[in-house]
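Undergrad: entry-v6.csv is the file, holding CSV, N, CA and C atoms:
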```csv
chain,number,residue,atom,x,y,z
A,1,MET,N,-12.3,13.6,9.6
A,1,MET,CA,-13.5,12.9,9.7
A,1,MET,C,-13.4,11.6,8.8
A,2,VAL,N,-12.8,11.7,7.7
A,2,VAL,CA,-12.8,10.6,6.7
A,2,VAL,C,-12.1,9.4,7.4
A,3,GLY,N,-11.0,9.7,8.1
A,3,GLY,CA,-10.2,8.6,8.7
A,3,GLY,C,-11.1,7.7,9.7
A,4,SER,N,-11.9,8.4,10.4
A,4,SER,CA,-12.8,7.7,11.4
A,4,SER,C,-13.8,6.7,10.6
A,5,PHE,N,-14.4,7.2,9.6
A,5,PHE,CA,-15.3,6.4,8.8
A,5,PHE,C,-14.5,5.3,8.1
A,6,LEU,N,-13.3,5.6,7.6
A,6,LEU,CA,-12.5,4.5,7.0
A,6,LEU,C,-12.2,3.4,8.0
A,7,GLN,N,-11.9,3.8,9.2
A,7,GLN,CA,-11.5,2.7,10.2
A,7,GLN,C,-12.7,1.8,10.4
A,8,VAL,N,-13.9,2.4,10.5
A,8,VAL,CA,-15.1,1.6,10.6
A,8,VAL,C,-15.4,0.7,9.4
A,9,ALA,N,-15.2,1.3,8.2
A,9,ALA,CA,-15.4,0.6,6.9
A,9,ALA,C,-14.5,-0.6,6.8
A,10,LEU,N,-13.3,-0.5,7.4
A,10,LEU,CA,-12.3,-1.5,7.3
A,10,LEU,C,-12.5,-2.7,8.2
A,11,ILE,N,-13.5,-2.6,9.1
A,11,ILE,CA,-13.9,-3.7,10.0
A,11,ILE,C,-14.3,-4.8,9.1
A,12,ASP,N,-13.9,-6.0,9.4
A,12,ASP,CA,-14.2,-7.2,8.5
A,12,ASP,C,-15.6,-7.7,8.8
A,13,ASP,N,-16.6,-6.9,8.4
A,13,ASP,CA,-18.0,-7.2,8.5
A,13,ASP,C,-18.7,-6.6,7.3
A,14,ASP,N,-19.3,-7.5,6.5
A,14,ASP,CA,-19.9,-7.1,5.2
A,14,ASP,C,-21.1,-6.1,5.5
A,15,VAL,N,-21.9,-6.4,6.5
A,15,VAL,CA,-23.0,-5.6,6.8
A,15,VAL,C,-22.6,-4.1,7.2
A,16,VAL,N,-21.6,-4.0,8.1
A,16,VAL,CA,-21.1,-2.7,8.4
A,16,VAL,C,-20.6,-2.0,7.2
A,17,ARG,N,-19.8,-2.7,6.4
A,17,ARG,CA,-19.3,-2.0,5.2
A,17,ARG,C,-20.4,-1.6,4.2
A,18,GLU,N,-21.5,-2.4,4.1
A,18,GLU,CA,-22.6,-2.0,3.2
A,18,GLU,C,-23.3,-0.7,3.7
A,19,MET,N,-23.2,-0.5,5.1
A,19,MET,CA,-23.8,0.7,5.6
A,19,MET,C,-22.9,1.9,5.6
A,20,VAL,N,-21.6,1.7,5.8
A,20,VAL,CA,-20.7,2.8,5.9
A,20,VAL,C,-20.1,3.3,4.6
A,21,ILE,N,-19.8,2.4,3.7
A,21,ILE,CA,-19.2,2.9,2.4
A,21,ILE,C,-20.1,3.9,1.7
A,22,PRO,N,-21.4,3.8,1.6
A,22,PRO,CA,-22.2,4.8,1.0
A,22,PRO,C,-22.0,6.2,1.6
A,23,ILE,N,-21.6,6.3,2.8
A,23,ILE,CA,-21.4,7.6,3.5
A,23,ILE,C,-20.2,8.3,2.8
A,24,PHE,N,-19.2,7.6,2.2
A,24,PHE,CA,-18.1,8.2,1.5
A,24,PHE,C,-18.7,8.9,0.3
A,25,PHE,N,-19.6,8.3,-0.4
A,25,PHE,CA,-20.2,9.0,-1.6
A,25,PHE,C,-20.9,10.2,-1.2
A,26,ASP,N,-21.7,10.1,-0.1
A,26,ASP,CA,-22.4,11.3,0.4
A,26,ASP,C,-21.5,12.4,0.8
A,27,MET,N,-20.4,12.0,1.5
A,27,MET,CA,-19.4,13.1,1.8
A,27,MET,C,-18.8,13.7,0.6
A,28,LEU,N,-18.5,12.9,-0.4
A,28,LEU,CA,-17.9,13.4,-1.6
A,28,LEU,C,-18.9,14.3,-2.3
A,29,GLU,N,-20.1,13.9,-2.4
A,29,GLU,CA,-21.2,14.8,-3.0
A,29,GLU,C,-21.4,16.1,-2.2
A,30,CYS,N,-21.4,16.0,-0.9
A,30,CYS,CA,-21.5,17.3,-0.1
A,30,CYS,C,-20.3,18.2,-0.3
A,31,GLU,N,-19.1,17.6,-0.4
A,31,GLU,CA,-17.9,18.4,-0.7
A,31,GLU,C,-18.1,19.1,-2.1
A,32,PHE,N,-18.5,18.4,-3.0
A,32,PHE,CA,-18.7,18.9,-4.4
A,32,PHE,C,-19.7,20.1,-4.4
A,33,TYR,N,-20.8,19.9,-3.8
A,33,TYR,CA,-21.9,20.9,-3.9
A,33,TYR,C,-21.6,22.1,-2.9
A,34,SER,N,-20.8,21.9,-1.9
A,34,SER,CA,-20.5,23.0,-1.0
A,34,SER,C,-19.3,23.8,-1.4
A,35,SER,N,-18.5,23.3,-2.4
A,35,SER,CA,-17.4,24.0,-2.8
A,35,SER,C,-17.7,25.0,-3.9
A,36,PRO,N,-17.3,26.2,-3.8
A,36,PRO,CA,-17.6,27.2,-4.9
A,36,PRO,C,-17.2,26.8,-6.3
A,37,HIS,N,-16.1,26.1,-6.4
A,37,HIS,CA,-15.6,25.7,-7.7
A,37,HIS,C,-15.9,24.2,-8.0
A,38,ARG,N,-16.8,23.6,-7.3
A,38,ARG,CA,-17.2,22.2,-7.5
A,38,ARG,C,-15.9,21.3,-7.5
A,39,ASP,N,-15.1,21.5,-6.4
A,39,ASP,CA,-13.8,20.8,-6.3
A,39,ASP,C,-13.9,19.8,-5.2
A,40,ILE,N,-13.5,18.6,-5.5
A,40,ILE,CA,-13.5,17.5,-4.5
A,40,ILE,C,-12.0,17.1,-4.1
A,41,CYS,N,-11.1,17.9,-4.5
A,41,CYS,CA,-9.7,17.6,-4.3
A,41,CYS,C,-9.3,17.4,-2.8
A,42,ARG,N,-9.8,18.3,-2.0
A,42,ARG,CA,-9.4,18.2,-0.6
A,42,ARG,C,-10.0,16.9,0.0
A,43,PHE,N,-11.2,16.6,-0.2
A,43,PHE,CA,-11.8,15.3,0.3
A,43,PHE,C,-11.1,14.1,-0.3
A,44,ALA,N,-10.8,14.1,-1.6
A,44,ALA,CA,-10.2,13.0,-2.3
A,44,ALA,C,-8.8,12.8,-1.7
A,45,ASN,N,-8.0,13.9,-1.5
A,45,ASN,CA,-6.7,13.8,-1.0
A,45,ASN,C,-6.7,13.2,0.4
A,46,GLU,N,-7.6,13.7,1.2
A,46,GLU,CA,-7.7,13.2,2.6
A,46,GLU,C,-8.0,11.7,2.6
A,47,MET,N,-8.9,11.3,1.8
A,47,MET,CA,-9.3,9.9,1.8
A,47,MET,C,-8.2,9.0,1.3
A,48,ILE,N,-7.5,9.5,0.3
A,48,ILE,CA,-6.3,8.7,-0.2
A,48,ILE,C,-5.2,8.6,0.8
A,49,VAL,N,-4.9,9.7,1.5
A,49,VAL,CA,-3.8,9.6,2.5
A,49,VAL,C,-4.2,8.7,3.6
A,50,GLN,N,-5.5,8.9,4.1
A,50,GLN,CA,-5.9,8.0,5.2
A,50,GLN,C,-6.0,6.6,4.8
A,51,LEU,N,-6.5,6.3,3.7
A,51,LEU,CA,-6.6,4.9,3.2
A,51,LEU,C,-5.3,4.3,3.0
A,52,ASP,N,-4.3,5.1,2.5
A,52,ASP,CA,-3.0,4.6,2.3
A,52,ASP,C,-2.3,4.2,3.6
A,53,CYS,N,-2.5,5.0,4.6
A,53,CYS,CA,-2.0,4.7,6.0
A,53,CYS,C,-2.6,3.4,6.5
A,54,LEU,N,-3.9,3.3,6.4
A,54,LEU,CA,-4.6,2.1,6.9
A,54,LEU,C,-4.2,0.9,6.2
A,55,VAL,N,-4.0,0.9,4.9
A,55,VAL,CA,-3.6,-0.2,4.1
A,55,VAL,C,-2.2,-0.6,4.4
A,56,ASP,N,-1.4,0.4,4.7
A,56,ASP,CA,0.0,0.1,5.1
A,56,ASP,C,0.0,-0.7,6.4
A,57,GLU,N,-1.0,-0.5,7.3
A,57,GLU,CA,-1.1,-1.2,8.5
A,57,GLU,C,-1.8,-2.5,8.4
A,58,ASP,N,-1.9,-2.9,7.1
A,58,ASP,CA,-2.5,-4.2,6.7
A,58,ASP,C,-4.0,-4.3,7.1
A,59,ARG,N,-4.7,-3.2,7.0
A,59,ARG,CA,-6.1,-3.2,7.3
A,59,ARG,C,-6.8,-3.3,5.9
A,60,GLY,N,-8.0,-3.8,5.9
A,60,GLY,CA,-8.8,-4.0,4.7
A,60,GLY,C,-8.3,-5.2,3.9
A,61,GLY,N,-8.7,-5.3,2.7
A,61,GLY,CA,-8.3,-6.5,1.9
A,61,GLY,C,-9.1,-6.5,0.7
A,62,GLN,N,-9.1,-7.6,0.0
A,62,GLN,CA,-9.8,-7.8,-1.3
A,62,GLN,C,-11.3,-7.6,-1.1
A,63,GLN,N,-11.8,-8.1,0.0
A,63,GLN,CA,-13.3,-7.9,0.2
A,63,GLN,C,-13.7,-6.5,0.3
A,64,PHE,N,-12.9,-5.7,1.1
A,64,PHE,CA,-13.1,-4.3,1.2
A,64,PHE,C,-13.0,-3.6,-0.1
A,65,LYS,N,-12.0,-3.9,-0.8
A,65,LYS,CA,-11.7,-3.3,-2.1
A,65,LYS,C,-12.9,-3.5,-3.1
A,66,ALA,N,-13.3,-4.8,-3.1
A,66,ALA,CA,-14.4,-5.1,-4.0
A,66,ALA,C,-15.7,-4.4,-3.6
A,67,GLN,N,-16.0,-4.4,-2.3
A,67,GLN,CA,-17.2,-3.7,-1.8
A,67,GLN,C,-17.2,-2.2,-2.1
A,68,LEU,N,-16.0,-1.6,-1.8
A,68,LEU,CA,-15.9,-0.2,-2.0
A,68,LEU,C,-16.1,0.1,-3.5
A,69,HIS,N,-15.5,-0.6,-4.4
A,69,HIS,CA,-15.7,-0.4,-5.8
A,69,HIS,C,-17.1,-0.6,-6.3
A,70,ARG,N,-17.7,-1.7,-5.8
A,70,ARG,CA,-19.1,-2.0,-6.3
A,70,ARG,C,-20.1,-0.9,-5.8
A,71,ILE,N,-20.0,-0.6,-4.5
A,71,ILE,CA,-20.9,0.4,-3.9
A,71,ILE,C,-20.7,1.8,-4.6
A,72,MET,N,-19.5,2.2,-4.7
A,72,MET,CA,-19.2,3.6,-5.2
A,72,MET,C,-19.6,3.6,-6.7
A,73,MET,N,-19.4,2.6,-7.5
A,73,MET,CA,-19.8,2.6,-8.9
A,73,MET,C,-21.3,2.5,-9.1
A,74,ASP,N,-22.0,1.8,-8.1
A,74,ASP,CA,-23.5,1.7,-8.2
A,74,ASP,C,-24.2,3.0,-7.9
A,75,ARG,N,-23.5,3.9,-7.2
A,75,ARG,CA,-24.1,5.2,-6.8
A,75,ARG,C,-24.0,6.1,-8.0
```
Please go through the file and, once you have read it, give me the structure as structure tokens.
TA:
Amino acid sequence: MVGSFLQVALIDDDVVREMVIPIFFDMLECEFYSSPHRDICRFANEMIVQLDCLVDEDRGGQQFKAQLHRIMMDR
């Protein structure tokens, strides 16, 4: 599921990114609270692998990186 949201977040549209990127935080939070050991490793690994593949395909860029960082740090 992470890959689908990442593909949408990597669309070069600031408004779409502003709406989709917070979903990653919500997914991370859900994973944390639903895990008996409060473990987010599975989600984090999936996100890193998916993002790595998409970046290798030259998707995203500085604007995505800046927005992702800003939004995730603000939450």
Undergrad: Restricting the calculation to only C-alpha atoms: of A:Leu51, A:Ile21, A:Cys30, A:Cys41, which residue gets closest to Arg70 of chain A?
TA: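 Looking at the shortest contact to Arg70 of chain A, the residue is A:Ile21.
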Undergrad: Please define a box with edges along x, y and z of the file around all atoms of segment 43-62 of chain A given in the file, extend it by 3 Å on each side, and return its centre and edge lengths in Å to one decimal, as JSON.
TA:
```
{"center_x": -5.9, "center_y": 4.4, "center_z": 3.1, "size_x": 17.8, "size_y": 30.4, "size_z": 16.8}
```
Undergrad: Tell me which of A:Ile23, A:Leu28, A:Val15, A:Leu6 sits closest to Phe43 of chain A, counting only C-alpha atoms.
TA: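 Distance minimum relative to Phe43 of chain A lands on A:Leu28.
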Undergrad: Under the rule that only C-alpha atoms are counted, which of A:His37, A:Val20, A:Met73, A:Glu31 is the nearest residue to Val8 of chain A?
TA: A:Val20
Undergrad: Excluding Glu18 of chain A and its own-chain neighbours fewer than 6 positions away, which residues fall within 8 Å of it when counting all atoms listed in the file? Please give them as a list in words.
TA: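 In the requested format, the answer is Ala9, Gln67 and Ile71 of chain A.
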Undergrad: If I take atom C of Glu46 of chain A and atom CA of Met1 of chain A, how far is one from the other in Å, to one decimal?
TA: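 Here the two named atoms are 9.1 Å from each other.
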Undergrad: Compare A:Pro22, A:Asp74, A:Asn45, A:Gln63 by their minimum atom-to-atom distance to Phe5 of chain A, counting only C-alpha atoms, and give me the closest one.
TA: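 Ranking A:Pro22, A:Asp74, A:Asn45, A:Gln63 by distance to Phe5 of chain A, first place goes to A:Pro22.
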Undergrad: Quick one: distance from atom CA of Val55 of chain A to atom CA of Ile40 of chain A in Å, one decimal?
TA: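 Between atom CA of Val55 of chain A and atom CA of Ile40 of chain A the gap works out to 22.0 Å.
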Undergrad: Any idea what's packed within 8 Å of segment 56-59 of chain A, counting only N, CA and C atoms, ignoring anything in its chain fewer than 6 positions away? Could you give it as a list in words?
TA: Leu10, Ile11 and Gln50 of chain A
Undergrad: Can you write out the residues you just picked, keeping N, CA and C atoms, as a PDB file, keeping the file's coordinate frame?
TA:
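File produced: part.pdb:
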```pdb
ATOM      1  N   LEU A  10     -13.300  -0.500   7.400  1.00  0.00           N
ATOM      2  CA  LEU A  10     -12.300  -1.500   7.300  1.00  0.00           C
ATOM      3  C   LEU A  10     -12.500  -2.700   8.200  1.00  0.00           C
ATOM      4  N   ILE A  11     -13.500  -2.600   9.100  1.00  0.00           N
ATOM      5  CA  ILE A  11     -13.900  -3.700  10.000  1.00  0.00           C
ATOM      6  C   ILE A  11     -14.300  -4.800   9.100  1.00  0.00           C
ATOM      7  N   GLN A  50      -5.500   8.900   4.100  1.00  0.00           N
ATOM      8  CA  GLN A  50      -5.900   8.000   5.200  1.00  0.00           C
ATOM      9  C   GLN A  50      -6.000   6.600   4.800  1.00  0.00           C
TER      10      GLN A  50
END
```
Undergrad: Looking at only N, CA and C atoms, which of A:Val2, A:Arg75, A:Leu68, A:Glu29 is the one that sits closest to Arg17 of chain A?
TA: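 Checking each candidate against Arg17 of chain A, we get A:Leu68 as the closest.
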Undergrad: When you draw a straight line from atom C of Asp14 of chain A to atom C of Val49 of chain A, how long is it in Å?
TA: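 Atom C of Val49 of chain A lies at a distance of 22.5 Å from atom C of Asp14 of chain A.
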Undergrad: Output as a VMD selection string all residues of chain A that backbone DSSP marks as alpha helix (DSSP H).
TA: chain A and resid 2 to 9 14 to 34 41 to 56 62 to 74
